[in-house]
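To keep things clear, I will list the structure first and then write my remarks on it.
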Amino acid sequence: MKLTIIAQYHPAAALHQPRLWADMLEDWQHLPEKVPSDFRVASESEFEPDVTPIMSIDTEKDNLGGLGHWSVAFRDRENKLAVVPFYGKRRIEFGCPLVMHNAKYDLRVMHANDMREGEMVHDTMIAAYCLGLGKQAPKEDSKSKSGSNMVGGLGLKYLARRHLGMQMQKWDDVKDKPELVPEYNMKDSVATLLLFEKWRLQLPKHYFDIDMPLLKVLMAMEDRGVKIDPDYLIEFGKELDAQLASFDLPINPFATQDMQSYIYGALEIEPWKFTDTGAPSVEEEVLETIPDELVKKCLEYKHLYKEKGTYVDNYIKAADPNNRIHAEIKQTSTSTGRLSMARPNLQNVFKRDDRVKLRSLFCAEPGKVIGRLDFNQLDFRTLAAITQDPILIKALNDNKKIHQVTADELDISYDVAKTVNFATMFKGEAWALSQRLHITIGEARAFINRYFEKFPNIKKYQDEMEAKIRAEKKVTIPWTNRTRRIDAMFTENWRIQQEGIKEGINMPVQGLEAEVVKIVMIDLHYKHSAPMILQVHDELLFELPEKDAKDYMLWLRDYVPTIVSFGGVKFTVEVGLGKNWYEAGLKDNSL
């Protein structure tokens with residue numbers, strides 16, 4: 001009798017940390033199938049980049065940052081694996097389809113060394129992401145090429161071991177042993193080709209229609225970068241230093257135990273949100289609900305401290321000699337399909353900041369202006385499209401503010417309606433709403449009941465999604481059918497399951513938002529060569545010649561809503577112009 005022995009986490013660990021289920025499920029569902037990976041080292045005469053059906057390529061830089069070892073893997077005429085190794089710069093045009101792992105990295109190396117890809121490019125990192133493989137808890141990886149800790153467990157070494165049964169070396173094992181680097185590199189090429197061969201028939205439609213076309217869009221935006229005003233940044237840094245020096249706090253805002261002791265001990269506040277380990281939460285969402293001056297001071301200090309490190313220090317380091325920041329836009333780091341950014345993250349720039357108007361930092365080159373395109377109430381439009389709630393659809397297509405519609409329907413103030421909307425649209429609980437509005441749980445429950453009486457389709461959607469999540473432990477984003485597993489549903493812990501249900505109800509709405517924005521970006525790039533420089537949540541920024549900017553943004557205002565249509569909802573946009581991002585967002589500068 002044959003037995004397969006799999007090393008596992010202790011069951012108690014998985015019960016306390018349900019994200020570990022992602023790794024355990026991978027062990028059970030994707031037992032390493034030993035795929036033949038033996039290859040021969042082929043001669044350069046066999047390298048035919050125009051006629052080979054498909055090739056994979058992997059590149060390594062030398063100690064000076066130039067092109068070092070690189071290789072291409074392919075199937076020879078006997079259908080056996082062959083690899084041609086190279087070293088250094090070569091002028092080559094690839095006519096055949098080309099596969100890479102984290103294609104952004106290799107494409108940039110190729111472009112810098114006189115190599116050009118053909119029309120068809122595939123990326124096994126994006127393929128793994130589209131297949132929903134692996135982990136759901138992203139952690140930033142310092143070596144962007146590996147991506148080993150991103151959602152999906154997307155590192156090449158991890159995927160090759162998991163899905164091919166290949167034992168791969170790490171770069172740290174060979175970087176100081178030059179004689180081992182050629183074989184290391186050739187194995188990477190082989191693993192990339194084998195992964196694509198294994199997955200190519202399973203790849204979902206959105207891989208071909210959205211995810212791969214988006215790659216070149218993001219590369220173009222990264223290459224353009226966004227200009228910052230260095231003088232503004234220096235003054236901003238001085239102001240932050242002065243504000244930080246003025247604080248005199250009796251507790252350390254960054255010490256979790258100190259904050260827990262003060263909030264849940266001294267203030268005797270009843271915990272309503274907990275960490276994965278069961279401890280009372282002191283995250284920002286919780287602190288913002290506490291009407292205590294010291295808590296507010298701690299929050300303010302943490303914000304200022306984060307601003308200093310995030311905006312001043314990071315941006316100064318990231319800017320090139322022309323004062324442009326070329327942040328990495330990542331398309332494989334979120335479970336919803338949303339884009340994220342790193343080195344530095346420009347998506348966490350405050351939208352509204354009356355103290356310093358931080359968005360003024362991002363400006364245009366002389367003779368140009370910033371054009372801002374903002375999708376109007378995109379979260380509610382996608383919610384309406386999914387739930388088919390008639391009141392939402394009519395209000396949005398009449399360009400009404402949903403918070404005002406809710407205020408009118410429930411006979412409450414605009415600000416309360418805003419809180420109720422965001423608290424209930426993704427299955428918020430009465431106790432959480434009571435904390436935010438400082439009312440009793442009974443009053444909060446009455447608010448929620450009245451809300452669902454006015455918007456019954458939202459309640460129906462939530463109930464149907466909860467049943468589906470419990471049954472299938474996964475959700476599917478409408479329209480593109482992007483699927484993600486909800487790992488929290490594999491534990492018996494009620495509290496963790498509730499978080500998973502909220503996550504699952506939220507995911508299709510956020511996911512559809514992301515798909516709308518990405519499809520618009522793809523259309524504008526390929527059909528109109530749009531000079532996009534930044535994407536932040538529901539906004540797109542453009543850097544435009546001043547003389548043409550107004551006509552261009554007015555055209556975008558009319559054209560963009562025609563690109564995407566779903567569920568009878570129009571995805572309208574608002575546009576504006578300014579010398580910088582802040583000015584472009586002012587009502588006085590809207591068009």
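In the structure tokens, each chain is lettered A, B, ... as it comes, each chain's residues begin at 1, and ligands are numbered from 1 in order of appearance.
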
Where in range 333-371 of chain A does DSSP assign strand (DSSP E or B), given as number ranges by chain? A: 340-342, 362-363, 368-371

Hey, what's within 9 Å of Tyr526 in chain A if we count only C-alpha atoms and toss same-chain stuff fewer than 5 positions away? As a list in words, please?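 The residues that qualify are Pro213, Val217 and Met521 of chain A.
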
Save out the residues we just selected, N, CA and C atoms, as a compact mmCIF listing (two decimals), in the first residue's frame.
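Result file follows (again07.txt):
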# COMPACT_ATOMS: atom_id res chain seq x y z
N PRO A 213 -3.43 41.80 -20.99
CA PRO A 213 -3.37 43.12 -21.64
C PRO A 213 -3.02 44.24 -20.66
N VAL A 217 -0.09 48.09 -19.93
CA VAL A 217 -0.64 49.36 -19.48
C VAL A 217 0.10 49.83 -18.23
N MET A 521 -8.89 51.35 -18.29
CA MET A 521 -7.46 51.61 -18.50
C MET A 521 -6.94 50.91 -19.75

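Candidate residues A:Lys104, A:Lys473, A:Arg162, A:Lys468 were compared for distance to Asp223 in chain A, and the nearest is A:Lys104, using only C-alpha atoms.
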
Write out as number ranges by chain each polymer residue whose atoms come within 12 Å of range 317-325 of chain A, counting only C-alpha atoms; drop sequence neighbours fewer than 6 positions from it. A: 221-233, 309-311, 341-346, 361-365, 533-534

List the spatial neighbours of Phe375 in chain A as a PyMOL selection string - criterion: any atom at most 9 Å away, only C-alpha atoms, same-chain residues fewer than 2 positions off excluded. chain A and resi 373+377-378+517+538-540+571-575

Store the residues of this selection in a file with C-alpha atoms, as a compact mmCIF listing (two decimals), in the first residue's frame.
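Dumped to again.txt:
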# COMPACT_ATOMS: atom_id res chain seq x y z
CA LEU A 373 -10.90 61.34 -13.78
CA GLN A 377 -19.92 56.59 -6.61
CA LEU A 378 -18.33 53.49 -8.11
CA VAL A 517 -11.38 50.50 -13.76
CA ASP A 538 -11.56 55.17 -8.26
CA GLU A 539 -9.33 57.83 -9.79
CA LEU A 540 -7.12 58.01 -12.87
CA PHE A 571 -20.47 54.01 -14.84
CA THR A 572 -20.23 57.76 -15.10
CA VAL A 573 -17.16 59.84 -14.28
CA GLU A 574 -16.29 63.34 -13.10
CA VAL A 575 -13.26 65.18 -14.48

So which one's closest to Trp199 in chain A, A:Asn63, A:Thr424, A:Thr124, A:Ser246? Using only C-alpha atoms, please.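 Nearest candidate to Trp199 in chain A out of A:Asn63, A:Thr424, A:Thr124, A:Ser246: A:Thr124.
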
For Ala73 in chain A, find every residue with an atom within 12 Å (counting only C-alpha atoms), except residues of its own chain fewer than 3 positions away, and show them as a ChimeraX atom specification. /A:37-44,46-49,52-59,70,76,79-86,98-100,185-194,196

CA of Arg91 in chain A to CA of Arg116 in chain A: how many Å, to one decimal?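 It comes out at 8.2 Å.
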
Leu267 in chain A environment, 12 Å, only C-alpha atoms, sequence neighbours closer than 2 positions dropped, as JSON, numbers by chain: {"A": [259, 260, 261, 262, 263, 264, 265, 269, 270, 271, 290, 291, 292, 293, 294, 295]}

I want to know what sits within 9 Å of Ala423 in chain A, based on only C-alpha atoms, with residues of the same chain fewer than 4 positions away left out; could you give that as JSON, numbers by chain? {"A": [418, 419, 427, 428, 429, 430, 432, 433, 436, 448]}

Could you write out that same residue set with all heavy atoms as a PDB file, in the first residue's frame?
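Output file result-v4.pdb is given in full below:
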ATOM      1  N   LYS A 418     -24.700  58.497   5.613  1.00  0.00           N
ATOM      2  CA  LYS A 418     -23.408  58.025   5.103  1.00  0.00           C
ATOM      3  C   LYS A 418     -22.874  56.898   5.978  1.00  0.00           C
ATOM      4  O   LYS A 418     -22.392  55.873   5.479  1.00  0.00           O
ATOM      5  CB  LYS A 418     -22.420  59.190   5.069  1.00  0.00           C
ATOM      6  CG  LYS A 418     -21.071  58.849   4.469  1.00  0.00           C
ATOM      7  CD  LYS A 418     -20.204  60.115   4.392  1.00  0.00           C
ATOM      8  CE  LYS A 418     -18.846  59.796   3.780  1.00  0.00           C
ATOM      9  NZ  LYS A 418     -17.992  61.007   3.682  1.00  0.00           N
ATOM     10  N   THR A 419     -22.951  57.074   7.289  1.00  0.00           N
ATOM     11  CA  THR A 419     -22.490  56.049   8.222  1.00  0.00           C
ATOM     12  C   THR A 419     -23.317  54.780   8.086  1.00  0.00           C
ATOM     13  O   THR A 419     -22.790  53.665   8.052  1.00  0.00           O
ATOM     14  CB  THR A 419     -22.556  56.567   9.669  1.00  0.00           C
ATOM     15  OG1 THR A 419     -21.759  57.739   9.781  1.00  0.00           O
ATOM     16  CG2 THR A 419     -22.050  55.513  10.646  1.00  0.00           C
ATOM     17  N   LYS A 427     -23.040  44.002   5.326  1.00  0.00           N
ATOM     18  CA  LYS A 427     -23.461  43.190   6.473  1.00  0.00           C
ATOM     19  C   LYS A 427     -22.823  43.652   7.782  1.00  0.00           C
ATOM     20  O   LYS A 427     -22.269  42.858   8.543  1.00  0.00           O
ATOM     21  CB  LYS A 427     -23.164  41.705   6.231  1.00  0.00           C
ATOM     22  CG  LYS A 427     -23.978  40.766   7.129  1.00  0.00           C
ATOM     23  CD  LYS A 427     -23.730  39.320   6.784  1.00  0.00           C
ATOM     24  CE  LYS A 427     -24.445  38.395   7.765  1.00  0.00           C
ATOM     25  NZ  LYS A 427     -25.892  38.624   7.779  1.00  0.00           N
ATOM     26  N   GLY A 428     -22.911  44.946   8.034  1.00  0.00           N
ATOM     27  CA  GLY A 428     -22.451  45.450   9.309  1.00  0.00           C
ATOM     28  C   GLY A 428     -23.389  45.027  10.429  1.00  0.00           C
ATOM     29  O   GLY A 428     -24.586  44.811  10.205  1.00  0.00           O
ATOM     30  N   GLU A 429     -22.872  44.910  11.630  1.00  0.00           N
ATOM     31  CA  GLU A 429     -23.665  44.480  12.775  1.00  0.00           C
ATOM     32  C   GLU A 429     -24.180  45.697  13.542  1.00  0.00           C
ATOM     33  O   GLU A 429     -23.595  46.781  13.504  1.00  0.00           O
ATOM     34  CB  GLU A 429     -22.817  43.602  13.698  1.00  0.00           C
ATOM     35  CG  GLU A 429     -22.254  42.363  13.031  1.00  0.00           C
ATOM     36  CD  GLU A 429     -23.334  41.369  12.642  1.00  0.00           C
ATOM     37  OE1 GLU A 429     -24.465  41.473  13.166  1.00  0.00           O
ATOM     38  OE2 GLU A 429     -23.056  40.488  11.804  1.00  0.00           O
ATOM     39  N   ALA A 430     -25.292  45.476  14.279  1.00  0.00           N
ATOM     40  CA  ALA A 430     -25.908  46.582  15.017  1.00  0.00           C
ATOM     41  C   ALA A 430     -24.973  47.150  16.062  1.00  0.00           C
ATOM     42  O   ALA A 430     -24.918  48.374  16.265  1.00  0.00           O
ATOM     43  CB  ALA A 430     -27.205  46.095  15.670  1.00  0.00           C
ATOM     44  N   ALA A 432     -21.754  47.380  15.974  1.00  0.00           N
ATOM     45  CA  ALA A 432     -20.731  48.221  15.341  1.00  0.00           C
ATOM     46  C   ALA A 432     -21.326  49.574  14.951  1.00  0.00           C
ATOM     47  O   ALA A 432     -20.688  50.623  15.133  1.00  0.00           O
ATOM     48  CB  ALA A 432     -20.157  47.522  14.122  1.00  0.00           C
ATOM     49  N   LEU A 433     -22.549  49.567  14.412  1.00  0.00           N
ATOM     50  CA  LEU A 433     -23.206  50.816  14.043  1.00  0.00           C
ATOM     51  C   LEU A 433     -23.484  51.661  15.286  1.00  0.00           C
ATOM     52  O   LEU A 433     -23.352  52.889  15.258  1.00  0.00           O
ATOM     53  CB  LEU A 433     -24.501  50.526  13.290  1.00  0.00           C
ATOM     54  CG  LEU A 433     -25.287  51.748  12.805  1.00  0.00           C
ATOM     55  CD1 LEU A 433     -24.442  52.592  11.861  1.00  0.00           C
ATOM     56  CD2 LEU A 433     -26.583  51.316  12.129  1.00  0.00           C
ATOM     57  N   ARG A 436     -20.423  53.585  16.201  1.00  0.00           N
ATOM     58  CA  ARG A 436     -20.108  54.707  15.306  1.00  0.00           C
ATOM     59  C   ARG A 436     -21.044  55.891  15.514  1.00  0.00           C
ATOM     60  O   ARG A 436     -20.634  57.043  15.392  1.00  0.00           O
ATOM     61  CB  ARG A 436     -20.155  54.234  13.853  1.00  0.00           C
ATOM     62  CG  ARG A 436     -19.057  53.249  13.490  1.00  0.00           C
ATOM     63  CD  ARG A 436     -19.043  52.964  11.983  1.00  0.00           C
ATOM     64  NE  ARG A 436     -17.948  52.083  11.631  1.00  0.00           N
ATOM     65  CZ  ARG A 436     -18.041  50.755  11.537  1.00  0.00           C
ATOM     66  NH1 ARG A 436     -19.204  50.165  11.789  1.00  0.00           N
ATOM     67  NH2 ARG A 436     -17.004  50.017  11.206  1.00  0.00           N
ATOM     68  N   ILE A 448     -30.966  49.600  10.859  1.00  0.00           N
ATOM     69  CA  ILE A 448     -30.643  48.577   9.859  1.00  0.00           C
ATOM     70  C   ILE A 448     -31.917  47.979   9.278  1.00  0.00           C
ATOM     71  O   ILE A 448     -32.024  47.779   8.053  1.00  0.00           O
ATOM     72  CB  ILE A 448     -29.748  47.487  10.486  1.00  0.00           C
ATOM     73  CG1 ILE A 448     -28.379  48.086  10.836  1.00  0.00           C
ATOM     74  CG2 ILE A 448     -29.582  46.298   9.545  1.00  0.00           C
ATOM     75  CD1 ILE A 448     -27.467  47.156  11.607  1.00  0.00           C
TER      76      ILE A 448
END

Would you give me, as a PyMOL selection string, the residues in range 327-531 of chain A that DSSP reads as alpha helix (DSSP H)? chain A and resi 378-387+390-397+402-410+414-424+430-437+441-454+456-472+494-528

Length of the CA of Lys587 in chain A to CA of Lys570 in chain A vector [Å]: 21.9 Å

Would you please work out which residue, of A:Ala467, A:Met507, A:Ile393, A:Leu577, is nearest to Thr483 in chain A when using only C-alpha atoms? A:Met507

Provide the CA of Phe247 in chain A to CA of Leu287 in chain A distance in Å, to one decimal place.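 Straight-line distance from CA of Phe247 in chain A to CA of Leu287 in chain A works out to 18.2 Å.
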
Residue nearest Glu513 in chain A - candidates A:Gly371, A:Pro478, A:Gly442, A:Gly88, atoms counted: only C-alpha atoms: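 The closest residue to Glu513 in chain A is A:Pro478.
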
My list of candidates is A:Ile477, A:Ala446, A:Leu541, A:Val560. Which is closest to Ala514 in chain A when distances are computed with only C-alpha atoms? A:Ile477
